[in-house]
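Engineer: Just model00.pdb, nothing more (PDB, C-alpha atoms):
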```pdb
ATOM      1  CA  MET M  46     -64.660  34.336  63.569
ATOM      2  CA  GLU M  47     -66.351  37.657  62.865
ATOM      3  CA  GLU M  48     -68.475  38.249  59.775
ATOM      4  CA  GLU M  49     -66.083  40.974  58.619
ATOM      5  CA  GLN M  50     -63.184  38.516  58.681
ATOM      6  CA  LEU M  51     -65.204  35.896  56.822
ATOM      7  CA  TYR M  52     -66.194  38.392  54.155
ATOM      8  CA  ASN M  53     -62.562  39.475  53.758
ATOM      9  CA  ILE M  54     -61.503  35.835  53.356
ATOM     10  CA  TRP M  55     -64.204  35.415  50.716
ATOM     11  CA  LYS M  56     -62.969  38.505  48.827
ATOM     12  CA  ILE M  57     -59.455  37.048  48.702
ATOM     13  CA  PHE M  58     -60.598  33.620  47.496
ATOM     14  CA  SER M  59     -63.013  35.064  44.953
ATOM     15  CA  THR M  60     -60.174  36.711  43.028
ATOM     16  CA  TYR M  61     -58.950  33.226  42.091
ATOM     17  CA  ILE M  62     -62.314  31.896  40.921
ATOM     18  CA  SER M  63     -63.405  32.302  37.319
ATOM     19  CA  ASN M  64     -66.585  34.269  36.722
ATOM     20  CA  LYS M  65     -68.142  31.113  35.299
ATOM     21  CA  ASP M  66     -67.753  29.293  38.631
ATOM     22  CA  LEU M  67     -68.328  32.258  40.940
ATOM     23  CA  THR M  68     -72.019  31.686  41.741
ATOM     24  CA  SER M  69     -71.414  28.020  42.508
ATOM     25  CA  ALA M  70     -68.464  28.882  44.744
ATOM     26  CA  ILE M  71     -70.508  31.466  46.659
ATOM     27  CA  GLU M  72     -73.305  28.958  47.203
ATOM     28  CA  ASP M  73     -70.837  26.349  48.493
ATOM     29  CA  PHE M  74     -69.263  28.939  50.805
ATOM     30  CA  LEU M  75     -72.640  29.995  52.220
ATOM     31  CA  ASN M  76     -73.791  26.389  52.638
ATOM     32  CA  TYR M  77     -70.646  25.602  54.611
ATOM     33  CA  LEU M  78     -71.053  28.646  56.872
ATOM     34  CA  TYR M  79     -74.712  27.802  57.460
ATOM     35  CA  GLU M  80     -74.273  24.063  57.953
ATOM     36  CA  TYR M  81     -71.586  24.505  60.595
ATOM     37  CA  GLU M  82     -73.242  27.592  62.149
ATOM     38  CA  ILE M  83     -70.066  29.601  61.710
ATOM     39  CA  CYS M  84     -71.783  32.963  61.567
ATOM     40  CA  ASP M  85     -75.113  34.723  61.244
ATOM     41  CA  ILE M  86     -75.781  34.827  57.500
ATOM     42  CA  ASN M  87     -77.900  37.999  57.850
ATOM     43  CA  GLU M  88     -75.002  39.772  59.570
ATOM     44  CA  LEU M  89     -72.653  38.631  56.816
ATOM     45  CA  LYS M  90     -75.077  40.091  54.251
ATOM     46  CA  ALA M  91     -75.281  43.354  56.186
ATOM     47  CA  HIS M  92     -71.500  43.586  56.274
ATOM     48  CA  ALA M  93     -71.267  42.949  52.530
ATOM     49  CA  GLU M  94     -73.814  45.721  51.893
ATOM     50  CA  ASP M  95     -71.750  48.170  53.975
ATOM     51  CA  TRP M  96     -68.759  47.908  51.644
ATOM     52  CA  ASP M  97     -70.296  50.445  49.210
ATOM     53  CA  GLU M  98     -67.911  50.771  46.236
ATOM     54  CA  GLU M  99     -66.287  47.390  46.871
ATOM     55  CA  THR M 100     -69.549  45.489  47.189
ATOM     56  CA  ASP M 101     -69.617  42.332  45.111
ATOM     57  CA  GLU M 102     -73.023  42.389  43.410
ATOM     58  CA  VAL M 103     -72.884  38.668  42.601
ATOM     59  CA  PHE M 104     -72.178  37.867  46.250
ATOM     60  CA  LEU M 105     -75.095  40.022  47.410
ATOM     61  CA  LYS M 106     -77.461  38.461  44.890
ATOM     62  CA  CYS M 107     -76.456  34.951  45.995
ATOM     63  CA  ILE M 108     -76.635  35.676  49.726
ATOM     64  CA  LYS M 109     -80.074  37.308  49.387
ATOM     65  CA  ARG M 110     -81.321  34.257  47.483
ATOM     66  CA  PHE M 111     -79.726  31.940  50.083
ATOM     67  CA  ILE M 112     -81.466  33.796  52.913
ATOM     68  CA  LYS M 113     -84.796  33.619  51.130
ATOM     69  CA  GLU M 114     -84.486  29.916  50.227
ATOM     70  CA  ASN M 115     -83.533  28.994  53.781
ATOM     71  CA  GLU M 116     -86.154  31.278  55.319
ATOM     72  CA  LEU M 117     -83.525  33.038  57.416
ATOM     73  CA  ASP M 118     -85.176  36.421  57.049
ATOM     74  CA  LEU M 119     -88.951  36.407  56.821
ATOM     75  CA  ASP M 120     -89.032  40.096  55.897
ATOM     76  CA  TYR M 121     -86.963  39.583  52.737
ATOM     77  CA  GLU M 122     -88.268  41.272  49.617
ATOM     78  CA  ASP M 123     -86.518  41.339  46.250
TER      79      ASP M 123
END
```
Would you put the structure from the file into structure tokens?
Structural biologist:
Amino acid sequence: MEEEQLYNIWKIFSTYISNKDLTSAIEDFLNYLYEYEICDINELKAHAEDWDEETDEVFLKCIKRFIKENELDLDYED
């Protein structure tokens, strides 16, 4: 499955998640994708950044932290 499709699926699911649980849900989603090697997390992040006005800032914050914590991008700077 392409990163664009995965991000679109996430956008649909996220509309049903309360803001209180959103960060936890994003982390679970990213852990699942990473654990089962479903996609390149850096490519997913790049796709999310390309959405401009529709970019989910919470998603980007979580994915950047996930990449840093898992050392998936050694050039990461906050």
Engineer: Can you pull out every residue within 12 Å of M:Trp96, counting only C-alpha atoms, but drop anything in the same chain fewer than 4 positions away, and send it as a VMD selection string?
Structural biologist: chain M and resid 49 52 to 53 56 89 to 92 100 to 102 104 to 105
Engineer: What does the file look like for those residues with C-alpha atoms, as a compact mmCIF listing (two decimals), keeping the file's coordinate frame?
Structural biologist:
```txt
# COMPACT_ATOMS: atom_id res chain seq x y z
CA GLU M 49 -66.08 40.97 58.62
CA TYR M 52 -66.19 38.39 54.16
CA ASN M 53 -62.56 39.48 53.76
CA LYS M 56 -62.97 38.51 48.83
CA LEU M 89 -72.65 38.63 56.82
CA LYS M 90 -75.08 40.09 54.25
CA ALA M 91 -75.28 43.35 56.19
CA HIS M 92 -71.50 43.59 56.27
CA THR M 100 -69.55 45.49 47.19
CA ASP M 101 -69.62 42.33 45.11
CA GLU M 102 -73.02 42.39 43.41
CA PHE M 104 -72.18 37.87 46.25
CA LEU M 105 -75.10 40.02 47.41
```
Engineer: Any chance you could work out the axis-aligned box around stretch 60-74 of chain M, listed atoms only, 8 Å on each side, giving centre and edge lengths in Å to one decimal, as lines of an AutoDock Vina configuration file?
Structural biologist:
```
center_x = -66.1
center_y = 31.5
center_z = 43.1
size_x = 30.4
size_y = 26.4
size_z = 31.5
```
Engineer: As a check of understanding, name the residues that the PyMOL selection byres ((chain M and resi 87) around 12) selects in the supplied structure, as a list of chain:residue names.
Structural biologist: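 Matching residues under the PyMOL selection byres ((chain M and resi 87) around 12) are M:Glu48, M:Leu75, M:Leu78, M:Tyr79, M:Cys84, M:Asp85, M:Ile86, M:Glu88, M:Leu89, M:Lys90, M:Ala91, M:His92, M:Ala93, M:Glu94, M:Leu105, M:Ile108, M:Lys109, M:Arg110, M:Phe111, M:Ile112, M:Lys113, M:Asn115, M:Glu116, M:Leu117, M:Asp118, M:Leu119, M:Asp120, M:Tyr121.
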Engineer: Applying the PyMOL selection byres ((chain M and resi 71) around 9) to the file I just gave you, which residues come out? Please list them as a list in words.
Structural biologist: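 Matching residues under the PyMOL selection byres ((chain M and resi 71) around 9) are Trp55, Ser59, Asp66, Leu67, Thr68, Ser69, Ala70, Glu72, Asp73, Phe74, Leu75, Asn76, Val103, Phe104, Cys107 and Ile108 of chain M.
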Engineer: Give me, please, the distance in Å between atom CA of M:Met46 and atom CA of M:Asp95, quoted to one decimal.
Structural biologist: 18.3 Å
